[in-house]
$ cat coords.cif   # mmCIF, C-alpha atoms
data_structure
loop_
_atom_site.label_atom_id
_atom_site.label_comp_id
_atom_site.auth_asym_id
_atom_site.auth_seq_id
_atom_site.Cartn_x
_atom_site.Cartn_y
_atom_site.Cartn_z
CA MET A 1 66.75 -77.83 36.71
CA SER A 2 67.87 -81.20 35.59
CA THR A 3 64.25 -82.33 35.74
CA LEU A 4 63.41 -79.83 33.01
CA LEU A 5 65.88 -81.40 30.68
CA PHE A 6 63.81 -84.39 29.81
CA ALA A 7 65.53 -86.54 27.28
CA ALA A 8 64.30 -88.94 24.71
CA SER A 9 66.53 -91.50 26.30
CA GLN A 10 64.03 -91.72 29.14
CA SER A 11 61.82 -94.05 27.15
CA SER A 12 61.71 -96.07 24.04
CA ASN A 13 61.47 -94.07 20.81
CA PRO A 14 58.22 -92.08 21.13
CA ILE A 15 57.82 -91.81 17.38
CA LEU A 16 57.57 -95.50 16.69
CA PRO A 17 53.97 -96.70 16.59
CA ALA A 18 52.77 -99.34 19.01
CA SER A 19 51.07 -102.37 17.44
CA GLY A 20 47.99 -102.11 19.68
CA GLU A 21 47.50 -98.46 18.76
CA ILE A 22 47.74 -99.29 15.05
CA ILE A 23 45.24 -102.13 15.31
CA TRP A 24 42.65 -100.22 17.35
CA SER A 25 42.92 -97.02 15.35
CA VAL A 26 42.73 -98.85 12.01
CA LEU A 27 39.80 -100.89 13.26
CA SER A 28 38.05 -97.77 14.57
CA PHE A 29 38.65 -95.88 11.33
CA PHE A 30 37.41 -98.65 9.06
CA VAL A 31 34.38 -99.33 11.25
CA LEU A 32 33.63 -95.62 11.10
CA LEU A 33 33.98 -95.51 7.32
CA LEU A 34 31.88 -98.62 6.85
CA ILE A 35 29.00 -97.61 9.12
CA LEU A 36 29.14 -93.99 8.05
CA ALA A 37 29.07 -94.78 4.33
CA LYS A 38 26.43 -97.52 4.57
CA VAL A 39 24.15 -96.37 7.38
CA ALA A 40 24.84 -93.03 9.06
CA PHE A 41 25.77 -90.72 6.19
CA PRO A 42 23.01 -91.43 3.62
CA PRO A 43 20.11 -90.08 5.76
CA VAL A 44 22.01 -86.85 6.44
CA ALA A 45 23.00 -86.50 2.78
CA LYS A 46 19.43 -87.28 1.69
CA MET A 47 18.03 -84.74 4.12
CA MET A 48 20.41 -82.06 2.85
CA LYS A 49 19.67 -82.98 -0.75
CA ASP A 50 15.91 -82.92 -0.10
CA ARG A 51 16.22 -79.54 1.55
CA SER A 52 18.24 -78.18 -1.37
CA GLU A 53 15.68 -79.64 -3.73
CA LYS A 54 12.82 -78.10 -1.74
CA ILE A 55 14.53 -74.72 -1.68
CA ARG A 56 15.17 -75.01 -5.42
CA THR A 57 11.56 -75.96 -6.19
CA ASP A 58 10.27 -73.25 -3.83
CA ILE A 59 12.40 -70.69 -5.60
CA GLU A 60 11.23 -71.97 -8.97
CA ALA A 61 7.59 -71.90 -7.79
CA GLY A 62 8.13 -68.37 -6.49
CA GLU A 63 9.62 -67.33 -9.80
CA LEU A 64 6.72 -68.93 -11.64
CA ALA A 65 4.18 -67.22 -9.38
CA ARG A 66 5.92 -63.90 -9.87
CA SER A 67 5.98 -64.41 -13.61
CA GLU A 68 2.27 -65.30 -13.60
CA ALA A 69 1.49 -62.31 -11.42
CA GLU A 70 3.40 -60.06 -13.79
CA GLN A 71 1.58 -61.60 -16.73
CA MET A 72 -1.77 -61.06 -15.01
CA LYS A 73 -0.78 -57.52 -14.16
CA ALA A 74 0.10 -56.89 -17.81
CA GLN A 75 -3.21 -58.43 -18.88
CA ALA A 76 -5.12 -56.32 -16.35
CA ARG A 77 -3.29 -53.23 -17.59
CA GLU A 78 -4.18 -54.19 -21.15
CA HIS A 79 -7.83 -54.74 -20.18
CA LEU A 80 -7.84 -51.40 -18.44
CA GLU A 81 -6.42 -49.75 -21.53
CA ASP A 82 -9.04 -51.53 -23.67
CA ALA A 83 -11.82 -50.41 -21.34
CA ARG A 84 -10.47 -46.88 -21.39
CA ARG A 85 -10.29 -46.92 -25.19
CA GLU A 86 -13.79 -48.43 -25.40
CA SER A 87 -15.27 -45.86 -23.04
CA SER A 88 -13.58 -43.10 -24.97
CA ARG A 89 -14.93 -44.56 -28.21
CA LEU A 90 -18.43 -44.80 -26.72
CA VAL A 91 -18.31 -41.24 -25.50
CA ASP A 92 -17.15 -40.06 -28.94
CA GLU A 93 -19.84 -42.13 -30.61
CA ALA A 94 -22.49 -40.80 -28.25
CA ARG A 95 -21.28 -37.30 -28.86
CA LYS A 96 -21.43 -37.81 -32.63
CA THR A 97 -24.86 -39.41 -32.38
CA ALA A 98 -26.08 -36.58 -30.22
CA GLU A 99 -24.71 -34.08 -32.66
CA ALA A 100 -26.33 -35.92 -35.56
CA VAL A 101 -29.66 -36.10 -33.72
CA LYS A 102 -29.35 -32.48 -32.82
CA ALA A 103 -28.58 -31.55 -36.41
CA GLU A 104 -31.51 -33.67 -37.61
CA LEU A 105 -33.85 -32.15 -35.07
CA VAL A 106 -32.74 -28.69 -35.97
CA ALA A 107 -33.11 -29.47 -39.66
CA ASN A 108 -36.55 -30.97 -39.07
CA ALA A 109 -37.58 -28.03 -36.97
CA GLU A 110 -36.30 -25.62 -39.55
CA ALA A 111 -38.11 -27.52 -42.28
CA GLU A 112 -41.24 -27.57 -40.21
CA VAL A 113 -40.95 -23.88 -39.51
CA ALA A 114 -40.39 -23.22 -43.18
CA SER A 115 -43.34 -25.38 -44.08
CA MET A 116 -45.50 -23.72 -41.47
CA LYS A 117 -44.37 -20.39 -42.74
CA VAL A 118 -45.26 -21.36 -46.30
CA ARG A 119 -48.58 -22.70 -45.16
CA ALA A 120 -49.23 -19.62 -43.12
CA GLU A 121 -48.33 -17.41 -46.04
CA GLU A 122 -50.58 -19.41 -48.28
CA ALA A 123 -53.40 -19.22 -45.77
CA LEU A 124 -52.70 -15.58 -45.42
CA ASP A 125 -52.82 -15.11 -49.15
CA VAL A 126 -56.10 -17.02 -49.38
CA GLU A 127 -57.50 -15.07 -46.51
CA ARG A 128 -56.30 -11.81 -47.98
CA THR A 129 -57.71 -12.72 -51.33
CA ARG A 130 -60.96 -13.61 -49.66
CA LEU A 131 -60.94 -10.45 -47.60
CA VAL A 132 -60.01 -8.36 -50.62
CA SER A 133 -62.84 -9.98 -52.51
CA GLU A 134 -65.28 -9.41 -49.66
CA LEU A 135 -63.96 -5.94 -49.18
CA ARG A 136 -64.35 -5.32 -52.85
CA GLU A 137 -67.87 -6.51 -52.76
CA ALA A 138 -68.63 -4.60 -49.60
CA THR A 139 -66.96 -1.53 -51.02
CA ALA A 140 -68.94 -1.95 -54.22
CA GLU A 141 -72.10 -2.32 -52.23
CA LEU A 142 -71.23 0.61 -50.11
CA ALA A 143 -70.22 2.69 -53.09
CA LEU A 144 -73.39 1.83 -54.90
CA SER A 145 -75.44 2.49 -51.85
CA LEU A 146 -73.62 5.72 -51.35
CA ALA A 147 -73.95 6.67 -54.97
CA GLU A 148 -77.61 5.77 -54.91
CA ARG A 149 -78.07 7.93 -51.92
CA ILE A 150 -75.95 10.76 -53.28
CA LEU A 151 -77.54 10.76 -56.67
CA ALA A 152 -80.84 9.81 -55.21
CA GLU A 153 -81.66 7.95 -58.25
CA GLN A 154 -81.73 4.45 -59.52
CA LEU A 155 -78.85 3.69 -61.84
CA ASP A 156 -78.21 0.68 -63.88
CA ARG A 157 -75.60 -1.27 -61.94
CA ALA A 158 -74.25 -3.05 -64.97
CA SER A 159 -73.33 0.18 -66.65
CA PHE A 160 -71.29 1.20 -63.64
CA ASP A 161 -69.43 -2.06 -63.09
CA PRO A 162 -66.37 -1.19 -65.16
CA LEU A 163 -66.12 2.06 -63.37
CA ILE A 164 -66.38 0.37 -59.99
CA THR A 165 -63.76 -2.26 -60.95
CA ALA A 166 -61.35 0.43 -62.06
CA PHE A 167 -61.94 2.26 -58.85
CA LEU A 168 -61.31 -0.81 -56.72
CA ALA A 169 -58.14 -1.65 -58.63
CA GLU A 170 -56.83 1.81 -58.01
CA SER A 171 -57.71 1.60 -54.34
CA GLU A 172 -56.05 -1.84 -54.03
CA ALA A 173 -52.92 -0.52 -55.71
CA SER A 174 -52.79 2.42 -53.42
CA SER A 175 -53.31 0.15 -50.29
CA LYS A 176 -50.23 -1.98 -51.17
CA MET B 1 65.46 -71.51 40.60
CA GLY B 2 63.50 -72.49 43.68
CA ILE B 3 60.32 -72.68 41.61
CA PHE B 4 61.94 -74.83 38.97
CA ALA B 5 63.06 -77.23 41.65
CA ALA B 6 59.38 -78.01 42.18
CA VAL B 7 58.86 -78.76 38.50
CA ASN B 8 58.65 -82.45 37.91
CA PHE B 9 58.41 -82.99 34.20
CA PRO B 10 57.42 -86.57 33.51
CA PRO B 11 59.57 -88.78 31.32
CA ILE B 12 58.52 -88.86 27.67
CA GLY B 13 57.47 -92.45 28.12
CA GLU B 14 54.79 -91.35 30.57
CA VAL B 15 53.67 -88.54 28.29
CA LEU B 16 53.21 -90.66 25.18
CA ASN B 17 53.32 -94.35 25.98
CA TRP B 18 50.15 -95.16 27.83
CA LYS B 19 49.60 -98.15 30.04
CA PRO B 20 47.32 -100.82 28.60
CA LEU B 21 43.71 -100.75 29.76
CA LEU B 22 42.89 -104.13 28.24
CA PHE B 23 44.79 -107.03 26.72
CA GLY B 24 48.04 -105.87 28.37
CA GLY B 25 51.16 -107.57 27.21
CA SER B 26 49.65 -108.68 23.90
CA SER B 27 50.08 -107.06 20.51
CA VAL B 28 46.46 -105.84 20.65
CA ALA B 29 46.88 -104.02 23.95
CA LEU B 30 44.21 -101.31 24.24
CA ASN B 31 45.55 -98.13 25.82
CA LYS B 32 44.26 -94.55 26.02
CA VAL B 33 45.16 -93.91 22.38
CA GLY B 34 43.17 -96.90 21.16
CA LEU B 35 40.27 -95.93 23.42
CA THR B 36 40.36 -92.37 22.09
CA SER B 37 40.23 -93.67 18.50
CA MET B 38 37.19 -95.76 19.32
CA LEU B 39 35.55 -92.84 21.07
CA ALA B 40 36.20 -90.63 18.05
CA THR B 41 34.43 -93.21 15.91
CA ALA B 42 31.57 -93.53 18.39
CA ILE B 43 31.10 -89.76 18.71
CA THR B 44 31.13 -89.26 14.94
CA LEU B 45 28.60 -92.04 14.38
CA ALA B 46 26.42 -90.82 17.27
CA LEU B 47 26.37 -87.30 15.82
CA PHE B 48 25.41 -88.56 12.37
CA PHE B 49 22.73 -90.90 13.73
CA LEU B 50 21.24 -88.09 15.84
CA ALA B 51 21.40 -85.63 12.96
CA GLY B 52 19.91 -88.13 10.52
CA ARG B 53 17.02 -88.82 12.89
CA LYS B 54 15.98 -85.19 13.45
CA LYS B 55 15.25 -84.34 9.82
CA ALA B 56 14.15 -80.79 10.66
CA LEU B 57 13.69 -78.43 7.75
CA VAL B 58 15.61 -75.74 9.62
CA PRO B 59 18.51 -77.54 11.31
CA THR B 60 19.36 -76.80 14.94
CA GLY B 61 21.71 -78.27 17.51
CA VAL B 62 23.44 -81.53 16.53
CA GLN B 63 21.81 -81.54 13.11
CA ASN B 64 23.15 -78.06 12.47
CA VAL B 65 26.68 -79.03 13.58
CA VAL B 66 26.76 -82.14 11.39
CA GLU B 67 25.20 -80.45 8.39
CA SER B 68 27.60 -77.51 8.68
CA GLY B 69 30.49 -79.97 8.75
CA VAL B 70 29.21 -81.90 5.75
CA ASP B 71 28.46 -78.67 3.91
CA PHE B 72 31.95 -77.37 4.65
CA ILE B 73 33.58 -80.59 3.43
CA THR B 74 31.35 -80.65 0.35
CA ASN B 75 32.03 -77.10 -0.74
CA SER B 76 35.48 -76.29 0.59
CA ILE B 77 37.12 -79.65 -0.02
CA VAL B 78 35.26 -81.93 -2.42
CA LEU B 79 33.80 -79.48 -4.95
CA ASP B 80 36.71 -77.04 -4.80
CA ILE B 81 39.42 -79.66 -5.16
CA MET B 82 37.87 -82.65 -6.92
CA GLY B 83 34.92 -81.10 -8.75
CA PRO B 84 31.43 -82.63 -9.05
CA GLU B 85 32.74 -86.13 -9.72
CA GLY B 86 34.40 -86.10 -6.31
CA ILE B 87 30.99 -86.17 -4.59
CA ALA B 88 31.19 -89.97 -4.49
CA TRP B 89 34.09 -89.53 -2.05
CA LEU B 90 32.12 -87.29 0.30
CA PRO B 91 31.25 -89.95 2.93
CA TRP B 92 34.84 -91.21 2.92
CA LEU B 93 36.33 -87.72 3.32
CA THR B 94 33.69 -86.75 5.90
CA GLY B 95 34.58 -89.81 7.98
CA LEU B 96 38.28 -89.01 7.69
CA PHE B 97 37.75 -85.38 8.71
CA PHE B 98 35.58 -86.10 11.75
CA PHE B 99 37.77 -89.04 12.84
CA ILE B 100 40.89 -86.86 12.85
CA LEU B 101 39.06 -83.88 14.34
CA PHE B 102 37.72 -85.78 17.36
CA ASN B 103 40.99 -87.61 17.86
CA ASN B 104 42.71 -84.20 17.86
CA LEU B 105 40.16 -82.60 20.17
CA PHE B 106 40.83 -85.14 22.91
CA GLU B 107 43.93 -83.05 23.49
CA VAL B 108 41.83 -80.53 25.40
CA VAL B 109 39.26 -82.87 26.92
CA PRO B 110 39.82 -83.22 30.66
CA ILE B 111 40.92 -86.65 31.88
CA PHE B 112 41.97 -87.68 28.35
CA GLN B 113 44.17 -84.67 27.55
CA MET B 114 45.95 -86.63 24.85
CA PRO B 115 45.29 -86.47 21.13
CA ALA B 116 45.39 -89.93 19.62
CA THR B 117 46.92 -88.30 16.56
CA ALA B 118 50.03 -87.46 18.60
CA ARG B 119 50.96 -91.10 18.07
CA MET B 120 52.33 -92.45 14.82
CA GLY B 121 50.28 -95.55 15.48
CA VAL B 122 47.24 -93.49 14.45
CA THR B 123 48.55 -91.09 11.83
CA LEU B 124 50.70 -93.57 9.89
CA PRO B 125 47.87 -96.06 9.21
CA LEU B 126 45.66 -93.16 8.14
CA ALA B 127 48.35 -91.87 5.77
CA ILE B 128 48.98 -95.36 4.38
CA THR B 129 45.22 -95.78 3.85
CA VAL B 130 45.18 -92.54 1.87
CA TRP B 131 48.29 -93.63 -0.05
CA VAL B 132 46.78 -96.99 -1.02
CA THR B 133 43.47 -95.33 -1.85
CA PHE B 134 44.81 -92.71 -4.24
CA MET B 135 47.01 -95.24 -6.02
CA ALA B 136 44.08 -97.66 -6.33
CA VAL B 137 41.89 -94.87 -7.71
CA GLY B 138 44.58 -93.89 -10.20
CA VAL B 139 45.07 -97.46 -11.39
CA LYS B 140 41.32 -98.03 -11.65
CA LYS B 141 40.68 -94.79 -13.55
CA GLN B 142 43.68 -94.74 -15.86
CA GLY B 143 45.05 -98.26 -15.90
CA PHE B 144 48.22 -99.43 -14.19
CA ALA B 145 50.83 -98.34 -16.74
CA SER B 146 49.10 -95.09 -17.68
CA TYR B 147 48.65 -94.02 -14.05
CA PHE B 148 52.26 -94.64 -13.03
CA LYS B 149 53.53 -93.07 -16.25
CA HIS B 150 51.46 -89.93 -15.71
CA ALA B 151 52.38 -89.83 -12.05
CA VAL B 152 56.13 -89.95 -12.45
CA VAL B 153 56.82 -88.61 -15.97
CA PRO B 154 55.96 -84.93 -16.28
CA SER B 155 54.75 -84.05 -19.77
CA GLY B 156 56.69 -81.61 -21.95
CA VAL B 157 59.99 -82.11 -20.13
CA PRO B 158 63.12 -82.86 -22.18
CA GLY B 159 64.50 -86.39 -21.87
CA ALA B 160 67.71 -85.30 -20.20
CA ILE B 161 65.81 -83.60 -17.39
CA LEU B 162 63.57 -86.65 -16.96
CA VAL B 163 66.55 -88.58 -15.69
CA LEU B 164 66.57 -86.20 -12.76
CA LEU B 165 62.84 -85.59 -12.45
CA VAL B 166 61.50 -89.14 -12.57
CA PRO B 167 63.28 -90.28 -9.40
CA LEU B 168 62.20 -87.06 -7.71
CA GLU B 169 58.59 -87.63 -8.76
CA ILE B 170 58.68 -91.23 -7.54
CA LEU B 171 60.11 -90.02 -4.26
CA SER B 172 57.64 -87.15 -3.81
CA THR B 173 54.48 -88.93 -4.97
CA PHE B 174 54.88 -92.42 -3.61
CA ILE B 175 57.23 -92.06 -0.65
CA VAL B 176 57.16 -88.52 0.70
CA ARG B 177 53.39 -88.02 0.43
CA PRO B 178 52.29 -90.66 2.97
CA PHE B 179 55.10 -89.80 5.38
CA ALA B 180 54.45 -86.07 5.04
CA LEU B 181 50.77 -86.65 5.80
CA ALA B 182 51.53 -88.80 8.81
CA ILE B 183 54.34 -86.71 10.23
CA ARG B 184 52.61 -83.35 9.70
CA LEU B 185 49.60 -84.40 11.73
CA PHE B 186 51.65 -86.32 14.29
CA GLY B 187 54.18 -83.50 14.72
CA ASN B 188 51.63 -80.74 15.09
CA MET B 189 49.53 -82.62 17.60
CA LEU B 190 52.53 -83.88 19.56
CA ALA B 191 53.97 -80.36 19.73
CA GLY B 192 50.63 -78.99 20.92
CA HIS B 193 50.32 -81.74 23.48
CA LEU B 194 53.82 -81.07 24.84
CA LEU B 195 53.18 -77.32 24.93
CA LEU B 196 50.00 -77.74 26.93
CA LEU B 197 51.72 -80.24 29.16
CA THR B 198 54.65 -77.89 29.78
CA PHE B 199 52.49 -74.97 30.80
CA ALA B 200 50.16 -77.18 32.84
CA ILE B 201 53.12 -78.59 34.79
CA LEU B 202 54.55 -75.11 35.32
CA SER B 203 51.20 -73.82 36.59
CA GLU B 204 50.83 -76.85 38.84
CA ALA B 205 54.34 -76.37 40.20
CA MET B 206 53.63 -72.73 41.01
CA PHE B 207 50.35 -73.65 42.60
CA ALA B 208 52.10 -76.25 44.73
CA LYS B 209 54.84 -73.84 45.77
CA SER B 210 52.54 -71.00 46.68
CA ILE B 211 48.91 -70.47 45.78
CA ALA B 212 49.67 -66.83 44.94
CA LEU B 213 52.20 -67.77 42.32
CA VAL B 214 49.58 -69.32 40.11
CA LEU B 215 48.34 -65.79 39.52
CA LEU B 216 51.57 -64.98 37.75
CA PRO B 217 50.42 -64.28 34.24
CA LEU B 218 52.69 -66.31 32.06
CA PRO B 219 52.17 -70.04 32.66
CA PHE B 220 48.45 -70.11 33.41
CA ALA B 221 47.58 -67.46 30.83
CA MET B 222 49.68 -69.29 28.26
CA LEU B 223 47.97 -72.53 29.17
CA THR B 224 44.57 -70.92 28.65
CA VAL B 225 45.54 -69.26 25.38
CA LEU B 226 47.25 -72.40 24.08
CA THR B 227 44.22 -74.50 24.91
CA GLY B 228 42.14 -72.28 22.64
CA TYR B 229 44.88 -72.31 20.04
CA GLU B 230 45.06 -76.12 20.12
CA ILE B 231 41.33 -76.35 19.46
CA PHE B 232 41.96 -74.24 16.38
CA VAL B 233 44.98 -76.39 15.42
CA SER B 234 42.89 -79.55 15.86
CA ALA B 235 40.36 -78.34 13.31
CA LEU B 236 43.06 -76.95 11.02
CA GLN B 237 45.06 -80.18 10.97
CA ALA B 238 41.95 -82.25 10.29
CA PHE B 239 41.17 -79.88 7.42
CA ILE B 240 44.72 -80.05 6.03
CA PHE B 241 44.86 -83.84 6.17
CA THR B 242 41.45 -84.13 4.48
CA ILE B 243 42.11 -81.52 1.80
CA LEU B 244 45.47 -83.11 0.90
CA THR B 245 43.73 -86.46 0.66
CA ALA B 246 41.19 -84.88 -1.68
CA VAL B 247 44.01 -83.38 -3.75
CA TYR B 248 45.76 -86.76 -4.10
CA ILE B 249 42.58 -88.68 -4.95
CA GLY B 250 41.38 -85.92 -7.29
CA GLU B 251 44.73 -85.93 -9.08
CA ALA B 252 44.60 -89.71 -9.42
CA MET B 253 41.05 -89.48 -10.82
CA ALA B 254 41.90 -86.75 -13.29
CA GLY B 255 45.22 -88.15 -14.47
CA GLY B 256 47.98 -86.10 -16.02
CA HIS B 257 50.62 -84.19 -14.14
#

$ encode --input "coords.cif" --output "structure tokens"
Amino acid sequence: MSTLLFAASQSSNPILPASGEIIWSVLSFFVLLLILAKVAFPPVAKMMKDRSEKIRTDIEAGELARSEAEQMKAQAREHLEDARRESSRLVDEARKTAEAVKAELVANAEAEVASMKVRAEEALDVERTRLVSELREATAELALSLAERILAEQLDRASFDPLITAFLAESEASSK
Amino acid sequence: MGIFAAVNFPPIGEVLNWKPLLFGGSSVALNKVGLTSMLATAITLALFFLAGRKKALVPTGVQNVVESGVDFITNSIVLDIMGPEGIAWLPWLTGLFFFILFNNLFEVVPIFQMPATARMGVTLPLAITVWVTFMAVGVKKQGFASYFKHAVVPSGVPGAILVLLVPLEILSTFIVRPFALAIRLFGNMLAGHLLLLTFAILSEAMFAKSIALVLLPLPFAMLTVLTGYEIFVSALQAFIFTILTAVYIGEAMAGGH
């Protein structure tokens, strides 16, 4: 048991530093600081700084690319909207043009029909007048011929003309 | 009691005072502690050289370890404590952190099994270096008189209280700080070293007495758990030493109280 009870009296004071230990540890520490600060640390620090810089620039480039992509997307959306508006405008315009053309064609057709109708009526009138005149003459001839045959005698046609005219006028009035 | 009879705890001199490997008998005797300090320097430099050579866009392996360490020191120590103007101190604080960390970690490295920081010969020079550095920074940034005035005379305190406070400030800023830094690291690592040693000796004693006894849960399990815990403590103490250094230098740079 006595061996467990180690006492400080067994050696010189263990707390006091030995000169050799001081010299070698101080030398080691200052050599470390000198070489580390001048030679060994800068490449590591530079590498870490470069990496941070690269990450920072990559993030910035990513942000820029995203911003550009969003801008392009907005532009594309705007172009799409423009195209949609333009197509809608074209369709409206085409519809209006078609309606105008249709209206014009209808108007032209109606005018043509009206004109044709007028012309036809005029032709009809001329034809009717001509036919009435021919009919009148034929009727006069027929009446005279009939009268000549009925009366069996030659009459002076000029003396009967008023009578014939009056007769034809009456017959025309009755035919209308 | 029979088991304890087999326990042969070495004298403290054997636990802490190592035999010289080179230059024995001189004031520059190189022992295990000195060798560990040099190895800590060599490992740190090797890691940084390897990491600096890889230059991969996506870091892996050594590069990842070193960059994570630098990133941690940058964000959790330099920027948090000193602000952007503390970036100039990043290599210095990184060197300090890794030097202490690897010196601490030798506590759990087989064969070495001794943290160099469990010796005041390592922690005291580090603390004095920090002490000189923050005072030099303060004097350079604020001027000699202004720095010492701001450091020891709290603003807005009545004159009568200053009589009490000024000596306390001198004591806490210029005397306690370096010793607190040195003793905190030294004490924690020495305690861890002695704990591991205690449980290792107990396990060994049980093993020597009867091979079955080593299966007893306490000593060996404690040794295993404490080994993991000491790895955590190694990183924590390196962090604490470095962050306090950043606080002192940052305060000296900023001025005021």

$ residues_around --input "coords.cif" --residues "Leu126 of chain B" --least-positions-apart "6" --cutoff "9 Å" --atoms "only C-alpha atoms" --output "number ranges by chain"
A: 25-26, 29; B: 96, 178, 181-182

$ write_last_selection --input "coords.cif" --atoms "C-alpha atoms" --output "PDB file, in the coordinates of the input"
ATOM      1  CA  SER A  25      42.920 -97.020  15.350  1.00  0.00           C
ATOM      2  CA  VAL A  26      42.730 -98.850  12.010  1.00  0.00           C
ATOM      3  CA  PHE A  29      38.650 -95.880  11.330  1.00  0.00           C
TER       4      PHE A  29
ATOM      5  CA  LEU B  96      38.280 -89.010   7.690  1.00  0.00           C
ATOM      6  CA  PRO B 178      52.290 -90.660   2.970  1.00  0.00           C
ATOM      7  CA  LEU B 181      50.770 -86.650   5.800  1.00  0.00           C
ATOM      8  CA  ALA B 182      51.530 -88.800   8.810  1.00  0.00           C
TER       9      ALA B 182
END

$ resolve_selection --input "coords.cif" --expression "the PyMOL selection byres ((chain B) within 7 of (chain A))" --output "PyMOL selection string"
chain B and resi 4-5+8-9+11-13+16+27-30+33-34+37-38+41+45+48-49+51-52+55+57+91-92+95+119-122+125

$ write_last_selection --input "coords.cif" --atoms "C-alpha atoms" --output "CSV table (one decimal), in the frame of the given file"
chain,number,residue,atom,x,y,z
B,4,PHE,CA,61.9,-74.8,39.0
B,5,ALA,CA,63.1,-77.2,41.6
B,8,ASN,CA,58.6,-82.4,37.9
B,9,PHE,CA,58.4,-83.0,34.2
B,11,PRO,CA,59.6,-88.8,31.3
B,12,ILE,CA,58.5,-88.9,27.7
B,13,GLY,CA,57.5,-92.4,28.1
B,16,LEU,CA,53.2,-90.7,25.2
B,27,SER,CA,50.1,-107.1,20.5
B,28,VAL,CA,46.5,-105.8,20.6
B,29,ALA,CA,46.9,-104.0,24.0
B,30,LEU,CA,44.2,-101.3,24.2
B,33,VAL,CA,45.2,-93.9,22.4
B,34,GLY,CA,43.2,-96.9,21.2
B,37,SER,CA,40.2,-93.7,18.5
B,38,MET,CA,37.2,-95.8,19.3
B,41,THR,CA,34.4,-93.2,15.9
B,45,LEU,CA,28.6,-92.0,14.4
B,48,PHE,CA,25.4,-88.6,12.4
B,49,PHE,CA,22.7,-90.9,13.7
B,51,ALA,CA,21.4,-85.6,13.0
B,52,GLY,CA,19.9,-88.1,10.5
B,55,LYS,CA,15.2,-84.3,9.8
B,57,LEU,CA,13.7,-78.4,7.8
B,91,PRO,CA,31.2,-90.0,2.9
B,92,TRP,CA,34.8,-91.2,2.9
B,95,GLY,CA,34.6,-89.8,8.0
B,119,ARG,CA,51.0,-91.1,18.1
B,120,MET,CA,52.3,-92.4,14.8
B,121,GLY,CA,50.3,-95.6,15.5
B,122,VAL,CA,47.2,-93.5,14.4
B,125,PRO,CA,47.9,-96.1,9.2

$ atom_distance --input "coords.cif" --atom1 "atom CA of Ala65 of chain A" --atom2 "atom CA of Val58 of chain B"
23.8 Å

$ resolve_selection --input "coords.cif" --expression "the PyMOL selection byres ((chain B and resi 63-73) around 9)" --output "PyMOL selection string"
(chain A and resi 44-45+48) or (chain B and resi 47-48+50-56+58-62+74-79+90-91+93-94+97-98+239+242-243)

$ write_last_selection --input "coords.cif" --atoms "C-alpha atoms" --output "compact mmCIF listing (two decimals), in the frame of the given file"
# COMPACT_ATOMS: atom_id res chain seq x y z
CA VAL A 44 22.01 -86.85 6.44
CA ALA A 45 23.00 -86.50 2.78
CA MET A 48 20.41 -82.06 2.85
CA LEU B 47 26.37 -87.30 15.82
CA PHE B 48 25.41 -88.56 12.37
CA LEU B 50 21.24 -88.09 15.84
CA ALA B 51 21.40 -85.63 12.96
CA GLY B 52 19.91 -88.13 10.52
CA ARG B 53 17.02 -88.82 12.89
CA LYS B 54 15.98 -85.19 13.45
CA LYS B 55 15.25 -84.34 9.82
CA ALA B 56 14.15 -80.79 10.66
CA VAL B 58 15.61 -75.74 9.62
CA PRO B 59 18.51 -77.54 11.31
CA THR B 60 19.36 -76.80 14.94
CA GLY B 61 21.71 -78.27 17.51
CA VAL B 62 23.44 -81.53 16.53
CA THR B 74 31.35 -80.65 0.35
CA ASN B 75 32.03 -77.10 -0.74
CA SER B 76 35.48 -76.29 0.59
CA ILE B 77 37.12 -79.65 -0.02
CA VAL B 78 35.26 -81.93 -2.42
CA LEU B 79 33.80 -79.48 -4.95
CA LEU B 90 32.12 -87.29 0.30
CA PRO B 91 31.25 -89.95 2.93
CA LEU B 93 36.33 -87.72 3.32
CA THR B 94 33.69 -86.75 5.90
CA PHE B 97 37.75 -85.38 8.71
CA PHE B 98 35.58 -86.10 11.75
CA PHE B 239 41.17 -79.88 7.42
CA THR B 242 41.45 -84.13 4.48
CA ILE B 243 42.11 -81.52 1.80

$ closest_residue --input "coords.cif" --among "A:Glu137, A:Glu93, A:Glu99, A:Asp125" --to "Ile164 of chain A" --atoms "all atoms listed in the file"
A:Glu137

$ atom_distance --input "coords.cif" --atom1 "atom CA of Lys73 of chain A" --atom2 "atom CA of Asp58 of chain A"
21.8 Å

$ resolve_selection --input "coords.cif" --expression "the PyMOL selection byres ((chain B and resi 148) around 12)" --output "count of residues only"
29

$ atom_distance --input "coords.cif" --atom1 "atom CA of Val108 of chain B" --atom2 "atom CA of Val130 of chain B"
26.6 Å

$ axis_aligned_box --input "coords.cif" --around "segment 83-90 of chain B" --padding-each-side "3 Å" --output "lines of an AutoDock Vina configuration file"
center_x = 33.0
center_y = -85.5
center_z = -4.7
size_x = 9.9
size_y = 14.9
size_z = 16.0

$ residues_around --input "coords.cif" --residues "segment 183-200 of chain B" --least-positions-apart "6" --cutoff "10 Å" --atoms "all atoms listed in the file" --output "PyMOL selection string"
(chain A and resi 4+15) or (chain B and resi 7+9-10+12+15-16+100+103-105+107-108+113-124+127+177+206+218-227+229-231+233-234+236-238+240-241)

$ closest_residue --input "coords.cif" --among "B:Phe99, B:Gly24, B:Glu14, B:Gly86" --to "Thr36 of chain B" --atoms "all atoms listed in the file"
B:Phe99

$ residues_around --input "coords.cif" --residues "Val132 of chain A" --least-positions-apart "2" --cutoff "12 Å" --atoms "all atoms listed in the file" --output "NGL selection string"
:A and (124-130 or 134-140 or 168-169 or 171-173 or 175-176)
